$ cat structure_32.cif   # mmCIF, C-alpha atoms
data_input
#
loop_
_atom_site.group_PDB
_atom_site.id
_atom_site.type_symbol
_atom_site.label_atom_id
_atom_site.label_comp_id
_atom_site.auth_asym_id
_atom_site.auth_seq_id
_atom_site.Cartn_x
_atom_site.Cartn_y
_atom_site.Cartn_z
ATOM 1 C CA MET A 1 79.683 86.092 109.381
ATOM 2 C CA TYR A 2 80.974 89.601 109.984
ATOM 3 C CA ASP A 3 80.380 91.371 113.295
ATOM 4 C CA ILE A 4 80.346 94.962 111.974
ATOM 5 C CA VAL A 5 79.005 97.339 114.620
ATOM 6 C CA GLY A 6 79.720 100.632 112.832
ATOM 7 C CA TYR A 7 80.335 101.870 109.301
ATOM 8 C CA TYR A 8 81.554 105.332 108.258
ATOM 9 C CA GLU A 9 82.327 106.877 104.877
ATOM 10 C CA ALA A 10 84.735 109.754 104.318
ATOM 11 C CA GLU A 11 84.575 111.977 101.230
ATOM 12 C CA THR A 12 87.960 113.680 101.740
ATOM 13 C CA VAL A 13 91.309 112.674 103.223
ATOM 14 C CA GLY A 14 90.867 115.373 105.864
ATOM 15 C CA GLU A 15 87.537 113.890 106.890
ATOM 16 C CA ALA A 16 89.075 110.427 107.074
ATOM 17 C CA THR A 17 91.971 111.505 109.303
ATOM 18 C CA ALA A 18 89.583 113.486 111.542
ATOM 19 C CA LEU A 19 87.376 110.420 111.998
ATOM 20 C CA LEU A 20 90.441 108.297 112.767
ATOM 21 C CA ALA A 21 91.500 110.826 115.394
ATOM 22 C CA GLN A 22 88.061 110.605 117.025
ATOM 23 C CA LYS A 23 87.814 106.812 116.708
ATOM 24 C CA PRO A 24 91.329 105.308 116.646
ATOM 25 C CA ASN A 25 89.996 101.744 116.504
ATOM 26 C CA LEU A 26 88.356 102.226 113.112
ATOM 27 C CA GLU A 27 89.454 99.685 110.502
ATOM 28 C CA LEU A 28 90.208 101.257 107.112
ATOM 29 C CA ILE A 29 88.542 99.587 104.146
ATOM 30 C CA ALA A 30 89.238 100.316 100.470
ATOM 31 C CA GLY A 31 88.085 97.604 98.063
ATOM 32 C CA GLY A 32 87.538 95.206 100.955
ATOM 33 C CA THR A 33 89.056 92.158 99.264
ATOM 34 C CA ASP A 34 91.765 91.828 101.936
ATOM 35 C CA VAL A 35 90.147 93.413 105.001
ATOM 36 C CA LEU A 36 86.952 91.374 104.857
ATOM 37 C CA ILE A 37 88.904 88.123 104.614
ATOM 38 C CA LYS A 38 90.936 89.086 107.699
ATOM 39 C CA MET A 39 87.712 89.965 109.544
ATOM 40 C CA HIS A 40 85.984 86.677 108.796
ATOM 41 C CA GLY A 41 85.308 84.778 111.986
ATOM 42 C CA LYS A 42 86.432 87.534 114.366
ATOM 43 C CA ASN A 43 84.314 87.507 117.484
ATOM 44 C CA GLU A 44 84.616 91.127 118.575
ATOM 45 C CA GLY A 45 82.684 93.874 116.803
ATOM 46 C CA THR A 46 84.461 95.949 114.157
ATOM 47 C CA GLU A 47 83.900 99.527 113.019
ATOM 48 C CA LEU A 48 84.855 100.296 109.438
ATOM 49 C CA LEU A 49 85.917 103.533 107.760
ATOM 50 C CA SER A 50 85.444 103.350 103.997
ATOM 51 C CA LEU A 51 87.639 105.414 101.648
ATOM 52 C CA ARG A 52 85.730 104.536 98.475
ATOM 53 C CA LYS A 53 84.111 107.981 98.129
ATOM 54 C CA ILE A 54 87.434 109.847 98.110
ATOM 55 C CA LYS A 55 87.675 110.184 94.345
ATOM 56 C CA SER A 56 90.917 112.172 94.468
ATOM 57 C CA LEU A 57 92.673 108.996 95.622
ATOM 58 C CA GLU A 58 91.747 107.179 92.398
ATOM 59 C CA VAL A 59 93.791 109.490 90.147
ATOM 60 C CA ILE A 60 96.895 108.313 88.282
ATOM 61 C CA ARG A 61 99.016 111.142 86.867
ATOM 62 C CA LYS A 62 102.470 112.225 85.854
ATOM 63 C CA ALA A 63 103.766 115.204 87.845
ATOM 64 C CA GLU A 64 105.664 118.072 86.231
ATOM 65 C CA ASP A 65 109.009 116.660 87.391
ATOM 66 C CA GLY A 66 108.193 113.272 85.826
ATOM 67 C CA THR A 67 107.210 111.541 89.050
ATOM 68 C CA MET A 68 104.440 109.017 88.550
ATOM 69 C CA VAL A 69 101.712 109.547 91.134
ATOM 70 C CA ILE A 70 99.329 106.639 91.706
ATOM 71 C CA GLY A 71 96.356 107.236 93.966
ATOM 72 C CA ALA A 72 96.037 104.609 96.670
ATOM 73 C CA MET A 73 92.390 103.962 95.758
ATOM 74 C CA ALA A 74 93.192 103.197 92.103
ATOM 75 C CA THR A 75 91.881 99.703 91.392
ATOM 76 C CA PHE A 76 94.069 97.103 89.736
ATOM 77 C CA ALA A 77 91.819 97.345 86.673
ATOM 78 C CA ARG A 78 92.498 101.093 86.508
ATOM 79 C CA VAL A 79 96.249 100.556 86.965
ATOM 80 C CA PHE A 80 96.312 97.955 84.195
ATOM 81 C CA LYS A 81 94.357 100.117 81.741
ATOM 82 C CA ASP A 82 96.136 103.415 82.456
ATOM 83 C CA PRO A 83 97.862 104.547 79.225
ATOM 84 C CA ILE A 84 100.608 106.466 81.052
ATOM 85 C CA LEU A 85 101.616 103.432 83.113
ATOM 86 C CA GLN A 86 101.361 101.118 80.105
ATOM 87 C CA GLU A 87 103.811 103.340 78.243
ATOM 88 C CA ARG A 88 106.147 104.340 81.068
ATOM 89 C CA ILE A 89 106.064 101.521 83.629
ATOM 90 C CA PRO A 90 104.638 98.407 81.930
ATOM 91 C CA ILE A 91 106.065 96.115 84.632
ATOM 92 C CA LEU A 92 103.486 97.575 87.031
ATOM 93 C CA THR A 93 100.596 96.971 84.635
ATOM 94 C CA GLU A 94 101.829 93.368 84.191
ATOM 95 C CA ALA A 95 101.639 92.917 87.953
ATOM 96 C CA ALA A 96 98.163 94.457 88.026
ATOM 97 C CA ILE A 97 96.696 92.104 85.427
ATOM 98 C CA SER A 98 98.079 89.079 87.297
ATOM 99 C CA MET A 99 96.081 89.974 90.406
ATOM 100 C CA GLY A 100 93.019 87.719 90.831
ATOM 101 C CA GLY A 101 90.230 87.685 88.282
ATOM 102 C CA PRO A 102 88.362 90.576 86.604
ATOM 103 C CA GLN A 103 85.839 90.884 89.436
ATOM 104 C CA ILE A 104 88.612 91.237 92.038
ATOM 105 C CA ARG A 105 90.658 93.654 89.901
ATOM 106 C CA ASN A 106 87.610 95.903 89.520
ATOM 107 C CA VAL A 107 87.374 96.500 93.283
ATOM 108 C CA ALA A 108 90.795 95.680 94.817
ATOM 109 C CA THR A 109 93.009 98.758 95.161
ATOM 110 C CA ILE A 110 96.762 99.088 94.876
ATOM 111 C CA GLY A 111 96.907 100.959 98.187
ATOM 112 C CA GLY A 112 94.922 98.304 99.977
ATOM 113 C CA ASN A 113 97.189 95.623 98.539
ATOM 114 C CA VAL A 114 100.267 97.413 99.874
ATOM 115 C CA CYS A 115 98.742 98.120 103.283
ATOM 116 C CA SER A 116 97.770 94.477 103.760
ATOM 117 C CA GLY A 117 101.478 93.779 104.275
ATOM 118 C CA ALA A 118 101.275 90.449 102.464
ATOM 119 C CA THR A 119 104.535 89.205 100.953
ATOM 120 C CA SER A 120 102.409 87.694 98.167
ATOM 121 C CA GLY A 121 100.904 91.070 97.197
ATOM 122 C CA ASP A 122 101.067 91.300 93.408
ATOM 123 C CA SER A 123 101.955 94.995 93.345
ATOM 124 C CA ALA A 124 104.627 94.965 96.046
ATOM 125 C CA THR A 125 107.395 93.148 94.150
ATOM 126 C CA SER A 126 107.306 95.569 91.219
ATOM 127 C CA LEU A 127 107.023 98.580 93.523
ATOM 128 C CA PHE A 128 110.143 97.381 95.363
ATOM 129 C CA VAL A 129 112.309 97.410 92.216
ATOM 130 C CA LEU A 130 110.851 100.796 91.247
ATOM 131 C CA ASN A 131 111.953 102.249 94.602
ATOM 132 C CA ALA A 132 108.396 103.436 95.187
ATOM 133 C CA ARG A 133 107.707 105.903 97.990
ATOM 134 C CA LEU A 134 104.471 106.041 99.972
ATOM 135 C CA LYS A 135 102.775 109.271 101.021
ATOM 136 C CA LEU A 136 101.099 108.825 104.398
ATOM 137 C CA VAL A 137 98.761 111.512 105.726
ATOM 138 C CA GLY A 138 97.544 111.987 109.294
ATOM 139 C CA MET A 139 96.160 114.738 111.495
ATOM 140 C CA ASN A 140 99.705 115.955 112.261
ATOM 141 C CA GLY A 141 100.743 116.261 108.622
ATOM 142 C CA GLU A 142 102.239 113.972 106.023
ATOM 143 C CA ARG A 143 105.369 111.898 105.597
ATOM 144 C CA VAL A 144 106.905 109.960 102.728
ATOM 145 C CA VAL A 145 108.288 106.482 103.411
ATOM 146 C CA PRO A 146 110.327 104.269 101.038
ATOM 147 C CA ILE A 147 108.347 101.101 100.401
ATOM 148 C CA GLN A 148 111.277 98.954 101.573
ATOM 149 C CA GLU A 149 110.844 100.513 105.047
ATOM 150 C CA PHE A 150 107.060 100.116 105.060
ATOM 151 C CA TYR A 151 106.935 96.316 105.338
ATOM 152 C CA LEU A 152 107.811 95.314 108.909
ATOM 153 C CA GLY A 153 106.824 91.628 108.915
ATOM 154 C CA PRO A 154 104.076 89.259 107.781
ATOM 155 C CA GLY A 155 100.929 91.404 107.593
ATOM 156 C CA LYS A 156 102.654 94.274 109.445
ATOM 157 C CA VAL A 157 103.315 97.709 107.947
ATOM 158 C CA ALA A 158 104.614 101.046 109.213
ATOM 159 C CA LEU A 159 101.229 102.784 109.064
ATOM 160 C CA LYS A 160 100.871 104.783 112.273
ATOM 161 C CA PRO A 161 97.503 105.109 114.051
ATOM 162 C CA GLY A 162 95.398 107.744 112.325
ATOM 163 C CA GLU A 163 97.359 107.661 109.053
ATOM 164 C CA VAL A 164 96.033 107.038 105.551
ATOM 165 C CA LEU A 165 98.089 105.979 102.538
ATOM 166 C CA THR A 166 97.156 108.506 99.858
ATOM 167 C CA GLU A 167 99.656 108.166 97.014
ATOM 168 C CA ILE A 168 102.370 105.923 95.626
ATOM 169 C CA LEU A 169 105.250 107.907 94.094
ATOM 170 C CA ILE A 170 107.771 106.648 91.535
ATOM 171 C CA SER A 171 110.568 109.051 90.566
ATOM 172 C CA PRO A 172 111.614 109.377 86.904
ATOM 173 C CA GLU A 173 115.147 108.142 87.624
ATOM 174 C CA ASP A 174 113.607 104.887 88.851
ATOM 175 C CA TYR A 175 111.731 104.043 85.644
ATOM 176 C CA GLN A 176 113.150 106.044 82.733
ATOM 177 C CA GLY A 177 115.483 104.000 80.540
ATOM 178 C CA PHE A 178 114.654 100.728 82.267
ATOM 179 C CA GLY A 179 113.182 97.608 80.723
ATOM 180 C CA GLY A 180 111.435 95.160 82.994
ATOM 181 C CA GLN A 181 109.520 91.957 83.436
ATOM 182 C CA TYR A 182 107.233 90.587 86.151
ATOM 183 C CA ILE A 183 106.612 86.859 86.573
ATOM 184 C CA LYS A 184 104.004 85.447 88.910
ATOM 185 C CA PHE A 185 104.416 81.738 89.493
ATOM 186 C CA ALA A 186 101.313 80.051 90.898
ATOM 187 C CA MET A 187 100.007 76.505 91.085
ATOM 188 C CA ARG A 188 96.909 77.466 89.113
ATOM 189 C CA GLU A 189 97.078 79.515 85.934
ATOM 190 C CA ALA A 190 94.626 82.134 87.175
ATOM 191 C CA MET A 191 93.149 83.607 90.360
ATOM 192 C CA ASP A 192 95.708 82.055 92.693
ATOM 193 C CA ILE A 193 98.050 83.459 95.334
ATOM 194 C CA ALA A 194 101.641 83.552 94.111
ATOM 195 C CA THR A 195 103.997 80.763 95.067
ATOM 196 C CA LEU A 196 106.698 83.206 93.981
ATOM 197 C CA GLY A 197 106.650 86.692 92.489
ATOM 198 C CA VAL A 198 109.699 87.980 90.573
ATOM 199 C CA ALA A 199 110.172 91.521 89.295
ATOM 200 C CA VAL A 200 113.299 92.541 87.387
ATOM 201 C CA ILE A 201 114.224 95.832 85.761
ATOM 202 C CA CYS A 202 117.496 96.737 84.062
ATOM 203 C CA LYS A 203 119.197 99.606 82.304
ATOM 204 C CA LEU A 204 121.876 98.901 79.703
ATOM 205 C CA GLN A 205 124.994 100.674 78.513
ATOM 206 C CA ASP A 206 126.269 99.306 75.219
ATOM 207 C CA LYS A 207 126.784 95.589 75.914
ATOM 208 C CA THR A 208 126.972 95.826 79.703
ATOM 209 C CA PHE A 209 124.517 96.177 82.562
ATOM 210 C CA ASP A 210 124.348 99.740 83.838
ATOM 211 C CA GLU A 211 121.917 98.756 86.605
ATOM 212 C CA VAL A 212 119.845 95.708 87.551
ATOM 213 C CA ARG A 213 117.189 95.554 90.256
ATOM 214 C CA ILE A 214 115.562 92.324 91.419
ATOM 215 C CA GLY A 215 112.530 92.050 93.686
ATOM 216 C CA LEU A 216 111.015 88.889 95.129
ATOM 217 C CA GLY A 217 107.680 88.129 96.743
ATOM 218 C CA VAL A 218 106.942 85.033 98.859
ATOM 219 C CA ALA A 219 110.686 84.427 99.194
ATOM 220 C CA GLY A 220 110.659 85.708 102.769
ATOM 221 C CA PRO A 221 108.305 87.183 105.386
ATOM 222 C CA THR A 222 108.176 90.440 103.410
ATOM 223 C CA PRO A 223 108.915 91.369 99.797
ATOM 224 C CA LEU A 224 112.662 91.821 99.340
ATOM 225 C CA ARG A 225 115.437 92.992 97.042
ATOM 226 C CA CYS A 226 118.408 90.891 95.905
ATOM 227 C CA PHE A 227 121.152 93.433 96.579
ATOM 228 C CA GLU A 228 124.111 91.042 96.266
ATOM 229 C CA ALA A 229 122.988 89.955 92.794
ATOM 230 C CA GLU A 230 122.285 93.573 91.831
ATOM 231 C CA MET A 231 125.767 94.707 92.866
ATOM 232 C CA TYR A 232 127.380 91.850 90.965
ATOM 233 C CA ALA A 233 125.486 92.762 87.778
ATOM 234 C CA GLN A 234 126.630 96.377 87.627
ATOM 235 C CA GLY A 235 129.065 96.882 84.762
ATOM 236 C CA LYS A 236 129.100 93.210 83.783
ATOM 237 C CA GLU A 237 128.921 92.042 80.188
ATOM 238 C CA ILE A 238 125.451 90.983 79.104
ATOM 239 C CA SER A 239 125.727 87.259 78.498
ATOM 240 C CA VAL A 240 124.064 83.967 79.316
ATOM 241 C CA GLU A 241 126.833 83.273 81.834
ATOM 242 C CA THR A 242 126.356 86.603 83.609
ATOM 243 C CA VAL A 243 122.592 86.131 83.788
ATOM 244 C CA ALA A 244 123.070 82.638 85.212
ATOM 245 C CA LYS A 245 125.374 83.996 87.934
ATOM 246 C CA ILE A 246 122.866 86.729 88.770
ATOM 247 C CA GLY A 247 120.164 84.087 89.204
ATOM 248 C CA GLU A 248 122.455 82.052 91.444
ATOM 249 C CA LEU A 249 123.299 85.060 93.629
ATOM 250 C CA ALA A 250 119.641 86.068 93.905
ATOM 251 C CA VAL A 251 118.988 82.924 95.944
ATOM 252 C CA LYS A 252 121.339 84.225 98.660
ATOM 253 C CA SER A 253 118.924 87.054 99.471
ATOM 254 C CA THR A 254 115.956 84.777 100.019
ATOM 255 C CA LYS A 255 114.469 83.794 103.339
ATOM 256 C CA ALA A 256 112.220 81.139 101.887
ATOM 257 C CA ARG A 257 110.499 78.575 104.059
ATOM 258 C CA THR A 258 108.540 75.405 103.483
ATOM 259 C CA SER A 259 104.761 75.789 103.399
ATOM 260 C CA TRP A 260 101.855 73.809 102.027
ATOM 261 C CA ARG A 261 102.341 75.636 98.707
ATOM 262 C CA ALA A 262 105.985 74.745 98.164
ATOM 263 C CA SER A 263 109.129 73.573 99.927
ATOM 264 C CA LYS A 264 112.007 75.910 100.741
ATOM 265 C CA GLU A 265 114.202 74.089 98.223
ATOM 266 C CA TYR A 266 111.623 74.363 95.446
ATOM 267 C CA ARG A 267 111.167 78.090 96.062
ATOM 268 C CA GLU A 268 114.923 78.614 95.894
ATOM 269 C CA HIS A 269 115.033 76.676 92.617
ATOM 270 C CA LEU A 270 112.243 78.903 91.288
ATOM 271 C CA VAL A 271 114.134 82.038 92.316
ATOM 272 C CA GLU A 272 117.263 81.025 90.420
ATOM 273 C CA GLU A 273 115.314 80.002 87.312
ATOM 274 C CA LEU A 274 112.693 82.767 87.184
ATOM 275 C CA VAL A 275 115.149 85.597 87.876
ATOM 276 C CA GLN A 276 117.056 84.476 84.776
ATOM 277 C CA ARG A 277 113.885 84.258 82.687
ATOM 278 C CA ALA A 278 112.676 87.678 83.809
ATOM 279 C CA LEU A 279 116.070 89.300 83.280
ATOM 280 C CA LYS A 280 116.364 87.935 79.737
ATOM 281 C CA VAL A 281 113.017 89.528 78.839
ATOM 282 C CA ALA A 282 113.953 92.748 80.667
ATOM 283 C CA ILE A 283 117.132 92.997 78.570
ATOM 284 C CA VAL A 284 115.100 92.940 75.361
ATOM 285 C CA ASN A 285 112.592 95.436 76.799
ATOM 286 C CA ALA A 286 115.513 97.726 77.654
ATOM 287 C CA GLY A 287 116.657 97.672 74.027
ATOM 288 C CA GLY A 288 119.205 94.859 74.189
ATOM 289 C CA ALA A 289 119.595 91.769 72.057
ATOM 290 C CA GLU A 290 117.886 88.490 72.893
ATOM 291 C CA LEU A 291 120.108 85.995 74.702
ATOM 292 C CA VAL A 292 120.043 82.470 73.292
#
$ encode --input "structure_32.cif" --output "structure tokens"
Amino acid sequence: MYDIVGYYEAETVGEATALLAQKPNLELIAGGTDVLIKMHGKNEGTELLSLRKIKSLEVIRKAEDGTMVIGAMATFARVFKDPILQERIPILTEAAISMGGPQIRNVATIGGNVCSGATSGDSATSLFVLNARLKLVGMNGERVVPIQEFYLGPGKVALKPGEVLTEILISPEDYQGFGGQYIKFAMREAMDIATLGVAVICKLQDKTFDEVRIGLGVAGPTPLRCFEAEMYAQGKEISVETVAKIGELAVKSTKARTSWRASKEYREHLVEELVQRALKVAIVNAGGAELV
């Protein structure tokens, strides 16, 4: 049962931040697929502030400077079907379609997924390699935070009291010319929380790696980047041996632990293997030859 003692709906971001200023204990709710689960069984009463009527936050667009702007209230179904994202940043649409089943994707929002702070969030891993930035709006103005600085710990994010996540921003230099691949490994084939999420993008120059970025989910308390492996890859010849070394180095960035889903050792094995698989596909998507 849910002990909901108050429910409010805002129709603009300004109205939402004003309500939060008046009632700082309000719990923000977007699609509700994460918030309601967290609320289940709580004894104290909860007051909710719904953002579902703020239609401006559902918009996905490309700005004049090429920046991709994704409204925080865009559902995963909308993200997956968006033609601009499918063409420009397909790794993000791959992550969106892996999230739950159709019913969940129709209501769960990308902003809500990010603000839940879950390391298993299906959007977070891809957003990490895309160097996404988050626009946060409050009564005192707005600020833009790199997504790597937003995740503070398990279920903890850098959203200040009274702030609302309004947009996710991806600069053109972070997606143009890159090929990518997202792999969600789960115990069930569908509608399961990831045992490991792997996102890889790369940009090529002739037969060498110009840049490689690797993001992992459920390999630590927050999503993370494999910076040692990324630095090693830069300028290296594209080969099976190089890809294998990148996979090996990626394990060094993990902070995996044993849980009921998988042991620490198994997760580390998955990291080494799945980073290689994802990178091989990313190479082809970036215009390179298939490695055999």
$ resolve_selection --input "structure_32.cif" --expression "the PyMOL selection byres ((chain A and resi 279) around 8)" --output "short mmCIF file (atom, residue, chain, number, x, y, z; two decimals) with C-alpha atoms, keeping the file's coordinate frame"
data_model
loop_
_atom_site.label_atom_id
_atom_site.label_comp_id
_atom_site.auth_asym_id
_atom_site.auth_seq_id
_atom_site.Cartn_x
_atom_site.Cartn_y
_atom_site.Cartn_z
CA GLY A 180 111.44 95.16 82.99
CA GLN A 181 109.52 91.96 83.44
CA VAL A 200 113.30 92.54 87.39
CA ILE A 201 114.22 95.83 85.76
CA CYS A 202 117.50 96.74 84.06
CA VAL A 243 122.59 86.13 83.79
CA VAL A 275 115.15 85.60 87.88
CA GLN A 276 117.06 84.48 84.78
CA ARG A 277 113.88 84.26 82.69
CA ALA A 278 112.68 87.68 83.81
CA LYS A 280 116.36 87.94 79.74
CA VAL A 281 113.02 89.53 78.84
CA ALA A 282 113.95 92.75 80.67
CA ILE A 283 117.13 93.00 78.57
#
$ residues_around --input "structure_32.cif" --residues "stretch 153-161 of chain A" --least-positions-apart "4" --cutoff "10 Å" --atoms "only C-alpha atoms" --output "PyMOL selection string"
chain A and resi 17+20-21+24-26+114-120+136-138+145+147+149+165+220-223
$ write_last_selection --input "structure_32.cif" --atoms "C-alpha atoms" --output "short mmCIF file (atom, residue, chain, number, x, y, z; two decimals), in the frame of the given file"
data_model
loop_
_atom_site.label_atom_id
_atom_site.label_comp_id
_atom_site.auth_asym_id
_atom_site.auth_seq_id
_atom_site.Cartn_x
_atom_site.Cartn_y
_atom_site.Cartn_z
CA THR A 17 91.97 111.50 109.30
CA LEU A 20 90.44 108.30 112.77
CA ALA A 21 91.50 110.83 115.39
CA PRO A 24 91.33 105.31 116.65
CA ASN A 25 90.00 101.74 116.50
CA LEU A 26 88.36 102.23 113.11
CA VAL A 114 100.27 97.41 99.87
CA CYS A 115 98.74 98.12 103.28
CA SER A 116 97.77 94.48 103.76
CA GLY A 117 101.48 93.78 104.28
CA ALA A 118 101.28 90.45 102.46
CA THR A 119 104.54 89.20 100.95
CA SER A 120 102.41 87.69 98.17
CA LEU A 136 101.10 108.82 104.40
CA VAL A 137 98.76 111.51 105.73
CA GLY A 138 97.54 111.99 109.29
CA VAL A 145 108.29 106.48 103.41
CA ILE A 147 108.35 101.10 100.40
CA GLU A 149 110.84 100.51 105.05
CA LEU A 165 98.09 105.98 102.54
CA GLY A 220 110.66 85.71 102.77
CA PRO A 221 108.30 87.18 105.39
CA THR A 222 108.18 90.44 103.41
CA PRO A 223 108.92 91.37 99.80
#
$ atom_distance --input "structure_32.cif" --atom1 "atom CA of A:Lys53" --atom2 "atom CA of A:Tyr7"
13.3 Å
$ closest_atom_pairs --input "structure_32.cif" --of "stretch 100-135 of chain A" --to "stretch 79-82 of chain A" --cutoff "10 Å" --atoms "all atoms listed in the file" --output "tab-separated table"
residue	atom	partner	partner_atom	distance
A:Arg105	CA	A:Phe80	CA	9.1
A:Thr109	CA	A:Val79	CA	9.0
A:Ile110	CA	A:Val79	CA	8.1
$ write_last_selection --input "structure_32.cif" --atoms "C-alpha atoms" --output "short mmCIF file (atom, residue, chain, number, x, y, z; two decimals), keeping the file's coordinate frame"
data_model
loop_
_atom_site.label_atom_id
_atom_site.label_comp_id
_atom_site.auth_asym_id
_atom_site.auth_seq_id
_atom_site.Cartn_x
_atom_site.Cartn_y
_atom_site.Cartn_z
CA ARG A 105 90.66 93.65 89.90
CA THR A 109 93.01 98.76 95.16
CA ILE A 110 96.76 99.09 94.88
#
$ atom_distance --input "structure_32.cif" --atom1 "atom CA of A:Ala77" --atom2 "atom CA of A:Asn106"
5.3 Å
$ residues_near_point --input "structure_32.cif" --point "(97.7, 99.4, 99.1)" --cutoff "10 Å" --atoms "only C-alpha atoms" --output "number ranges by chain"
A: 30-31, 71-75, 108-117, 121, 123-124, 134, 165-168
$ resolve_selection --input "structure_32.cif" --expression "the PyMOL selection byres ((chain A and resi 68) around 12)" --output "PyMOL selection string"
chain A and resi 59-67+69-71+79+82+84-89+92+127+130-134+167-176
$ write_last_selection --input "structure_32.cif" --atoms "C-alpha atoms" --output "PDB file, keeping the file's coordinate frame"
ATOM      1  CA  VAL A  59      93.791 109.490  90.147  1.00  0.00           C
ATOM      2  CA  ILE A  60      96.895 108.313  88.282  1.00  0.00           C
ATOM      3  CA  ARG A  61      99.016 111.142  86.867  1.00  0.00           C
ATOM      4  CA  LYS A  62     102.470 112.225  85.854  1.00  0.00           C
ATOM      5  CA  ALA A  63     103.766 115.204  87.845  1.00  0.00           C
ATOM      6  CA  GLU A  64     105.664 118.072  86.231  1.00  0.00           C
ATOM      7  CA  ASP A  65     109.009 116.660  87.391  1.00  0.00           C
ATOM      8  CA  GLY A  66     108.193 113.272  85.826  1.00  0.00           C
ATOM      9  CA  THR A  67     107.210 111.541  89.050  1.00  0.00           C
ATOM     10  CA  VAL A  69     101.712 109.547  91.134  1.00  0.00           C
ATOM     11  CA  ILE A  70      99.329 106.639  91.706  1.00  0.00           C
ATOM     12  CA  GLY A  71      96.356 107.236  93.966  1.00  0.00           C
ATOM     13  CA  VAL A  79      96.249 100.556  86.965  1.00  0.00           C
ATOM     14  CA  ASP A  82      96.136 103.415  82.456  1.00  0.00           C
ATOM     15  CA  ILE A  84     100.608 106.466  81.052  1.00  0.00           C
ATOM     16  CA  LEU A  85     101.616 103.432  83.113  1.00  0.00           C
ATOM     17  CA  GLN A  86     101.361 101.118  80.105  1.00  0.00           C
ATOM     18  CA  GLU A  87     103.811 103.340  78.243  1.00  0.00           C
ATOM     19  CA  ARG A  88     106.147 104.340  81.068  1.00  0.00           C
ATOM     20  CA  ILE A  89     106.064 101.521  83.629  1.00  0.00           C
ATOM     21  CA  LEU A  92     103.486  97.575  87.031  1.00  0.00           C
ATOM     22  CA  LEU A 127     107.023  98.580  93.523  1.00  0.00           C
ATOM     23  CA  LEU A 130     110.851 100.796  91.247  1.00  0.00           C
ATOM     24  CA  ASN A 131     111.953 102.249  94.602  1.00  0.00           C
ATOM     25  CA  ALA A 132     108.396 103.436  95.187  1.00  0.00           C
ATOM     26  CA  ARG A 133     107.707 105.903  97.990  1.00  0.00           C
ATOM     27  CA  LEU A 134     104.471 106.041  99.972  1.00  0.00           C
ATOM     28  CA  GLU A 167      99.656 108.166  97.014  1.00  0.00           C
ATOM     29  CA  ILE A 168     102.370 105.923  95.626  1.00  0.00           C
ATOM     30  CA  LEU A 169     105.250 107.907  94.094  1.00  0.00           C
ATOM     31  CA  ILE A 170     107.771 106.648  91.535  1.00  0.00           C
ATOM     32  CA  SER A 171     110.568 109.051  90.566  1.00  0.00           C
ATOM     33  CA  PRO A 172     111.614 109.377  86.904  1.00  0.00           C
ATOM     34  CA  GLU A 173     115.147 108.142  87.624  1.00  0.00           C
ATOM     35  CA  ASP A 174     113.607 104.887  88.851  1.00  0.00           C
ATOM     36  CA  TYR A 175     111.731 104.043  85.644  1.00  0.00           C
ATOM     37  CA  GLN A 176     113.150 106.044  82.733  1.00  0.00           C
TER      38      GLN A 176
END
$ residues_around --input "structure_32.cif" --residues "A:Gly235" --least-positions-apart "2" --cutoff "8 Å" --atoms "all atoms listed in the file" --output "NGL selection string"
:A and (208-211 or 233 or 237)
$ residues_around --input "structure_32.cif" --residues "A:Ala250" --least-positions-apart "6" --cutoff "10 Å" --atoms "only C-alpha atoms" --output "PyMOL selection string"
chain A and resi 214-216+225-230+244+268+271-273+275-276
$ resolve_selection --input "structure_32.cif" --expression "the PyMOL selection byres ((chain A and resi 292) around 10)" --output "VMD selection string"
chain A and resid 239 to 240 280 289 to 291
$ atom_distance --input "structure_32.cif" --atom1 "atom CA of A:Val129" --atom2 "atom CA of A:Arg213"
5.6 Å
$ axis_aligned_box --input "structure_32.cif" --around "stretch 147-154 of chain A" --padding-each-side "5 Å" --output "JSON"
{"center_x": 107.7, "center_y": 95.2, "center_z": 104.7, "size_x": 17.2, "size_y": 21.8, "size_z": 18.5}
$ residues_around --input "structure_32.cif" --residues "A:Thr195" --least-positions-apart "4" --cutoff "9 Å" --atoms "only C-alpha atoms" --output "PyMOL selection string"
chain A and resi 120+184-187+217-219+261-262+267
$ decode --input "structure_32.cif" --residues "stretch 102-108 of chain A" --atoms "N, CA and C atoms" --output "mmCIF file, in the first residue's frame"
data_model
loop_
_atom_site.group_PDB
_atom_site.id
_atom_site.type_symbol
_atom_site.label_atom_id
_atom_site.label_comp_id
_atom_site.auth_asym_id
_atom_site.auth_seq_id
_atom_site.Cartn_x
_atom_site.Cartn_y
_atom_site.Cartn_z
ATOM 1 N N PRO A 102 7.139 -3.216 -23.186
ATOM 2 C CA PRO A 102 6.454 -2.095 -23.836
ATOM 3 C C PRO A 102 5.641 -1.242 -22.877
ATOM 4 N N GLN A 103 4.956 -1.868 -21.915
ATOM 5 C CA GLN A 103 4.139 -1.103 -20.984
ATOM 6 C C GLN A 103 5.000 -0.158 -20.150
ATOM 7 N N ILE A 104 6.156 -0.637 -19.687
ATOM 8 C CA ILE A 104 7.062 0.197 -18.896
ATOM 9 C C ILE A 104 7.644 1.310 -19.760
ATOM 10 N N ARG A 105 8.088 0.968 -20.977
ATOM 11 C CA ARG A 105 8.710 1.976 -21.848
ATOM 12 C C ARG A 105 7.738 3.087 -22.225
ATOM 13 N N ASN A 106 6.453 2.795 -22.216
ATOM 14 C CA ASN A 106 5.451 3.807 -22.569
ATOM 15 C C ASN A 106 5.246 4.850 -21.478
ATOM 16 N N VAL A 107 5.660 4.539 -20.246
ATOM 17 C CA VAL A 107 5.452 5.501 -19.148
ATOM 18 C C VAL A 107 6.758 5.927 -18.478
ATOM 19 N N ALA A 108 7.773 5.060 -18.437
ATOM 20 C CA ALA A 108 9.042 5.401 -17.792
ATOM 21 C C ALA A 108 9.762 6.473 -18.602
#
